[in-house]
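Notes follow once the structure below has been shown.
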Amino acid sequence: MLSVTALPSRRRLNALGRRGAFRLHASVLVALLAASSAPTPLYALYQAAWHFSAMTLTVVFSAYALALLVALLTAGTLSDHLGRRPVLAGALLAEAVAMTVFATAQGVPALIAARILQGLATGVATSAAGAALLDFEDPDRPGRATVANGITPVAGMAVGVLAATALVQYAPAPTRTVYLPLLLLFTAQAAAVLLTPETAHPHPGAWRSLRPAITVAPASRPTLALTTPGIVAAWALGGFYSSLGPSLARLIDPHAARATGGLVFFTLTAAAGIAGHTARALPARTVSLAGTAQRAGTLAAYYVLSYLAMSIPAVLAGLLTNLYGLQKAVSLYAATVVLLALIGLTRAVRRPRTA
């Protein structure tokens, strides 16, 4: 039976402070995505120590993206049924376990296991934290949750890769010291989340909610089809730089500092964050507004496309590197990304403004 104290009350929300709860859940999103990019500058160290191929490296990277996609499609609404606090706290503790597996990894299988656990936990946690941001949004300042959900993930990736890069350059035993602060942070956040008011109204149907379903609103289908080449190009580029970016940096300058590879991905994510923040006030397309009756399904379809574009091309890039070398693989990959971007741009320019 649901306890009365688990239900939200305006007095409890005000006593705790909406602003504090909002900031806590925003910090959770930052931490989750910081952890997702933290291994990027370490891949070169893992390769040097364990002597695995570029394709194996991209498989390690893609394991996270595919696991996260599975979690989003199956457990994306779990916190609506079970409550925000237990789902988010459990996912954060799973993140802490993943950090432990990373810190104690002795080979590729442990890395893959850590990335899968991390992906599953991140998918569950980002859904619950994103929903909580909407719950705790100040009614007098609408729109902050939308901006936070859009900006904090990219900001988190930038912060994570920058911090990990600094630790790789200056800290002892970076394959452990990168993950230990994150382990402590996730544990502390899990405890803090349990102190916040419960804003969801738990109800039956949790098992049924785990059934994957993707439904694109009819009004959004033309826009999704129009933007697909650009979406694939953008996420494929991110997947490449977060997996093989350090290897590319070493190819260009073998004598560069170890931090260079991480700084390449930091530049990409920081630019994406600035672009997202700059574009936040641009007017939305009429077709997007017309599709908000089925916004969750459309967003799920977008995530499916994005994370597939982030993971599968990265694995293909690893295969191309094994077959032809990194330099030729980069040329082929870049040509494909540019072609997709040009196709998307051409289709957008040629589309009638009234569509």
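Chain labels run A, B, ... following the order of the structure tokens; each chain numbers its residues from 1, and ligands are numbered from 1 in the order shown.
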| request: Quick one: everything within 6 Å of region 96-107 of chain A, counting only C-alpha atoms, minus sequence neighbours fewer than 2 positions away in the same chain. Send it as JSON, numbers by chain. | output: {"A": [93, 94, 109, 110, 114, 117, 118, 176, 179, 183, 186]}
| said: Using only C-alpha atoms, which protein or nucleic acid residues come within 7 Å of region 222-237 of chain A? Drop anything in the same chain fewer than 5 positions from it, and give the result as a ChimeraX atom specification. | reply: /A:306,309-310,313-314,337,340-341,343-344,347-348
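In this comparison, which uses only C-alpha atoms, the residue of A:Leu45, A:Gly130, A:Leu24, A:Ala54 approaching Gly325 (chain A) most closely is A:Ala54.
Shell of Ala31 (chain A) at 9 Å, with only C-alpha atoms counted and residues fewer than 4 places along the chain excluded, is Ala26, Ser27, Ala35, Ser36, Pro153, Gly156, Met157, Val159, Gly160, Leu182, Leu185 and Phe186 of chain A.
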Grab the residues selected above and save them as a JSON list (two decimals), in the first residue's frame with C-alpha atoms.
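For reference, selection_22.json as written:
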[["chain", "number", "residue", "atom", "x", "y", "z"],
["A", 26, "ALA", "CA", 20.28, 18.49, -12.91],
["A", 27, "SER", "CA", 23.59, 17.53, -11.26],
["A", 35, "ALA", "CA", 30.78, 9.22, -16.48],
["A", 36, "SER", "CA", 29.77, 8.17, -19.99],
["A", 153, "PRO", "CA", 23.86, 15.96, -21.01],
["A", 156, "GLY", "CA", 28.20, 16.58, -18.64],
["A", 157, "MET", "CA", 30.06, 14.86, -21.46],
["A", 159, "VAL", "CA", 33.05, 18.08, -18.12],
["A", 160, "GLY", "CA", 33.62, 14.33, -17.87],
["A", 182, "LEU", "CA", 32.51, 9.17, -9.74],
["A", 185, "LEU", "CA", 29.57, 10.99, -6.30],
["A", 186, "PHE", "CA", 26.93, 8.50, -7.46]]
| field | Å distance separating CA of Pro204 (chain A) from CA of Gly76 (chain A), one decimal place | value | 15.4 Å
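Summary of the local environment: counting only C-alpha atoms, residues at most 7 Å from Phe136 (chain A), other than itself and those fewer than 6 positions away along its chain, are Arg18, Ala21 and Phe22 of chain A.
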Just the selected residues (N, CA and C atoms), exported as a PDB file, in the first residue's frame, please.
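Final file, part-v2.pdb:
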ATOM      1  N   ARG A  18      12.133  23.661  -3.985  1.00  0.00           N
ATOM      2  CA  ARG A  18      12.117  23.207  -5.376  1.00  0.00           C
ATOM      3  C   ARG A  18      13.461  23.441  -6.054  1.00  0.00           C
ATOM      4  N   ALA A  21      16.027  20.742  -5.070  1.00  0.00           N
ATOM      5  CA  ALA A  21      15.728  19.459  -5.699  1.00  0.00           C
ATOM      6  C   ALA A  21      15.989  19.517  -7.203  1.00  0.00           C
ATOM      7  N   PHE A  22      15.637  20.651  -7.794  1.00  0.00           N
ATOM      8  CA  PHE A  22      15.877  20.818  -9.231  1.00  0.00           C
ATOM      9  C   PHE A  22      17.375  20.740  -9.530  1.00  0.00           C
TER      10      PHE A  22
END
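Distance check against Gly123 (chain A) using only C-alpha atoms: of A:Thr74, A:Glu137, A:Thr152, A:Leu82, the minimum falls on A:Thr74.
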